[in-house]
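Engineer: I have a structure here, written as structure tokens, and I will follow up with some questions on it.
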Amino acid sequence: DRLAFSLSSLAVRGKLRFDSSARYPRRALYLETLGSAHPVPRPGSQTPLGLSIAVRTPFMDQSEVSVYAWSGPTTRELLARLPVKDRVPYLHSFGVLRRAVLLPLQPLSVDMRPALFGTPLQGLMRELSVNTTFVVLPLAGGGTSLRTFNAGGRYFFTHVINTYEEGEGDAATLVFDACVSHLNPFHSTAIAIAAQRNKTRRDAGGAMMHARRFVIRIAGPRRGEVVSSLLSRAGREADFPQIDSRYRGRKHCIYWAVLWRADGVAYGAMAIDRTDVCRGKVTTWMRPASFPSEPTFLASGEEEGQGALLVTVLNGTSGRSSFLTLDATTMQPTLEVPLPVRIPFTTHGQWYPPGG
């Protein structure tokens, strides 16, 4: 089976069939409709984990989340399933541990019925009057039990920075770092074209995405307690984080993120921050009237974060773009190459070595 994607109309034609233990039997009442935008490699492995969200038909008010491993381009192996009886969740990304996944259930539910008539995703989301819940779902062979934790507030999530276990015995915790907001970012001015074209509106509000750490106590007398703290700079918006991928699933110190309101005022004042959370140090690249895209980290040394950041930058004055390489430690430019095309803000680039 083949898929064809039209660049002009965005129409998708054809079907891609999966050889999958995650597939629902024909008699099942569940229809797979949603998935995560970000498969995540399992720590210690190059095997990516993904998830799908199936809606219970015909009422579409309940769902099941399936977690699976990609063992080939069209082959996936079911690792875990989570019934969700009170909503159809949206999980843009999620946390992955060696033996479990961490699912942040946001206070919203997706109503798939309007999607039948072409309503975009942000128009399908209904907010719920509940706190965010963290679900630690064991994977096949993980040897742990399902656990849920109240996040202590209403948090909406976009991109996960890292997830790892820390401490032993009564001090054992799960650490979940992610970019979050207290408002639904999928209803914010950041994705409204009319608001983005109006400086007063775009400067006035928004979801105020920021990097936040959640420490979940999983043992001892304080078991179940969740403590959160701000990681990024106060008053700035931060999203599209990157870490040294060699530290995925274990304790890290360094992450990079794109900033808006980097001057504390203007939404369009963009920058890239390097944050060392272990030392409390922030190093910034910023240039007037320059708009960087999400960076890609390329390791070139043994130390965490030693290497280069690859990023495209749009010059707002000239309207021209360039390819910029930054020293990932000092955040100083090492190379800049003008590009023959204009590239606005882009996300989720990947680096592939020659022949890779």
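Identifiers in the structure tokens: chain A, B, ... in order shown; residue index from 1 per chain; ligand index from 1 in order shown.
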Show which residues sit within 8 Å of Ile272 (chain A), as a PDB file with C-alpha atoms, in the first residue's frame. Count only C-alpha atoms, and ignore same-chain residues fewer than 5 positions away.

Structural biologist:
ATOM      1  CA  TRP A 256      17.729  24.437  24.954  1.00  0.00           C
ATOM      2  CA  ALA A 257      14.440  26.123  24.058  1.00  0.00           C
ATOM      3  CA  VAL A 258      13.023  28.792  21.770  1.00  0.00           C
ATOM      4  CA  LEU A 259      11.896  31.952  23.577  1.00  0.00           C
ATOM      5  CA  THR A 284      21.213  33.202  25.466  1.00  0.00           C
ATOM      6  CA  TRP A 285      21.542  33.784  21.742  1.00  0.00           C
ATOM      7  CA  MET A 286      19.495  36.765  20.573  1.00  0.00           C
ATOM      8  CA  PRO A 292      15.024  31.568  14.992  1.00  0.00           C
TER       9      PRO A 292
END

Engineer: Region 24-68 of chain A: which residues are strand (DSSP E) by DSSP, as a PyMOL selection string?

Structural biologist: chain A and resi 30-35+40-41+48-56+63-68

Engineer: I want to know what sits within 6 Å of region 107-124 of chain A, based on only C-alpha atoms, with residues of the same chain fewer than 6 positions away left out; could you give that as a PyMOL selection string?

Structural biologist: chain A and resi 87-89+130+132+186

Engineer: Quick one: distance from CA of Ser63 (chain A) to CA of Tyr30 (chain A) in Å, one decimal?

Structural biologist: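 Taking CA of Ser63 (chain A) and CA of Tyr30 (chain A), their separation equals 7.4 Å.
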
Engineer: Give me, as a list in words, all polymer residues having an atom no more than 6 Å from region 251-255 of chain A, counting only C-alpha atoms and skipping those fewer than 5 positions away in the same chain.

Structural biologist: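 Neighbouring residues, sequence-local ones excluded: Gln242, Ile243, Arg274, Thr275, Asp276, Val277 and Cys278 of chain A.
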
Engineer: Taking N, CA, C and O atoms for each residue, export the selection above as a JSON list (two decimals), in the first residue's frame.

Structural biologist:
[["chain", "number", "residue", "atom", "x", "y", "z"],
["A", 242, "GLN", "N", 15.00, 21.06, 23.45],
["A", 242, "GLN", "CA", 15.95, 20.04, 22.99],
["A", 242, "GLN", "C", 16.85, 19.66, 24.15],
["A", 242, "GLN", "O", 17.19, 20.51, 24.98],
["A", 243, "ILE", "N", 17.23, 18.38, 24.21],
["A", 243, "ILE", "CA", 18.28, 17.96, 25.14],
["A", 243, "ILE", "C", 19.30, 17.15, 24.36],
["A", 243, "ILE", "O", 19.09, 16.80, 23.19],
["A", 274, "ARG", "N", 19.95, 28.51, 26.48],
["A", 274, "ARG", "CA", 20.57, 27.29, 26.98],
["A", 274, "ARG", "C", 20.46, 27.36, 28.51],
["A", 274, "ARG", "O", 21.01, 28.26, 29.13],
["A", 275, "THR", "N", 19.75, 26.42, 29.10],
["A", 275, "THR", "CA", 19.54, 26.43, 30.54],
["A", 275, "THR", "C", 20.23, 25.23, 31.17],
["A", 275, "THR", "O", 19.97, 24.09, 30.79],
["A", 276, "ASP", "N", 21.11, 25.50, 32.12],
["A", 276, "ASP", "CA", 21.74, 24.46, 32.93],
["A", 276, "ASP", "C", 20.97, 24.42, 34.25],
["A", 276, "ASP", "O", 21.19, 25.26, 35.12],
["A", 277, "VAL", "N", 20.05, 23.48, 34.38],
["A", 277, "VAL", "CA", 19.20, 23.44, 35.57],
["A", 277, "VAL", "C", 19.97, 22.99, 36.81],
["A", 277, "VAL", "O", 19.54, 23.27, 37.94],
["A", 278, "CYS", "N", 21.10, 22.31, 36.64],
["A", 278, "CYS", "CA", 21.89, 21.87, 37.79],
["A", 278, "CYS", "C", 22.66, 23.02, 38.41],
["A", 278, "CYS", "O", 22.88, 23.05, 39.63]]

Engineer: Could you pull out the alpha helix (DSSP H) residues of region 143-305 of chain A, going by DSSP on the backbone, and write them as a list in words?

Structural biologist: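 The alpha helix (DSSP H) residues within region 143-305 of chain A come out as Ile193, Ala194, Ala195, Gln196, Lys199, Thr200, Arg201, Arg202, Asp203 and Ala204 of chain A.
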
Engineer: Using N, CA, C and O atoms, can you export the residues from the last selection as a short mmCIF file (atom, residue, chain, number, x, y, z; two decimals), in the first residue's frame?

Structural biologist:
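Wrote it out as again_14.cif, contents follow:
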data_model
loop_
_atom_site.label_atom_id
_atom_site.label_comp_id
_atom_site.auth_asym_id
_atom_site.auth_seq_id
_atom_site.Cartn_x
_atom_site.Cartn_y
_atom_site.Cartn_z
N ILE A 193 -3.95 33.46 13.19
CA ILE A 193 -3.27 34.32 12.23
C ILE A 193 -3.64 35.79 12.43
O ILE A 193 -2.78 36.68 12.40
N ALA A 194 -4.92 36.06 12.67
CA ALA A 194 -5.35 37.46 12.85
C ALA A 194 -4.67 38.09 14.05
O ALA A 194 -4.26 39.26 14.01
N ALA A 195 -4.53 37.33 15.13
CA ALA A 195 -3.86 37.85 16.33
C ALA A 195 -2.38 38.06 16.09
O ALA A 195 -1.79 39.04 16.57
N GLN A 196 -1.75 37.17 15.34
CA GLN A 196 -0.32 37.30 15.08
C GLN A 196 -0.01 38.51 14.20
O GLN A 196 1.09 39.05 14.26
N LYS A 199 0.05 43.56 16.46
CA LYS A 199 1.06 43.60 17.52
C LYS A 199 0.44 43.78 18.90
O LYS A 199 0.89 43.15 19.87
N THR A 200 -0.58 44.60 19.00
CA THR A 200 -1.19 44.82 20.31
C THR A 200 -1.77 43.52 20.86
O THR A 200 -1.58 43.19 22.05
N ARG A 201 -2.45 42.77 20.02
CA ARG A 201 -3.07 41.51 20.46
C ARG A 201 -2.02 40.46 20.80
O ARG A 201 -2.12 39.76 21.81
N ARG A 202 -1.00 40.32 19.95
CA ARG A 202 -0.02 39.26 20.21
C ARG A 202 0.85 39.57 21.42
O ARG A 202 1.34 38.66 22.10
N ASP A 203 1.07 40.87 21.69
CA ASP A 203 1.86 41.24 22.87
C ASP A 203 1.04 41.15 24.16
O ASP A 203 1.60 41.01 25.25
N ALA A 204 -0.29 41.25 24.03
CA ALA A 204 -1.14 41.38 25.21
C ALA A 204 -1.35 40.07 25.95
O ALA A 204 -1.56 40.06 27.16
#

Engineer: Write out as a count of residues only each polymer residue whose atoms come within 12 Å of Pro43 (chain A), counting only C-alpha atoms; drop sequence neighbours fewer than 4 positions from it.

Structural biologist: 21

Engineer: Taking only C-alpha atoms into account, name the residue in A:Ser45, A:Ser93, A:Thr330, A:Ser181 that is nearest to Met209 (chain A).

Structural biologist: A:Ser181

Engineer: I'd like the interatomic distance between CA of Ala219 (chain A) and CA of Arg147 (chain A), to a tenth of an Å.

Structural biologist: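 Between these atoms lies a distance of 11.7 Å.
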
Engineer: When you count only C-alpha atoms, which of these residues is closest to Val341 (chain A): A:Tyr155, A:Val282, A:Thr312, A:Ser321?

Structural biologist: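 Residue with the minimum atom-to-atom distance to Val341 (chain A): A:Ser321.
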
Engineer: I'd like the interatomic distance between CA of Val227 (chain A) and CA of Cys179 (chain A), to a tenth of an Å.

Structural biologist: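 Separation between CA of Val227 (chain A) and CA of Cys179 (chain A): 15.6 Å.
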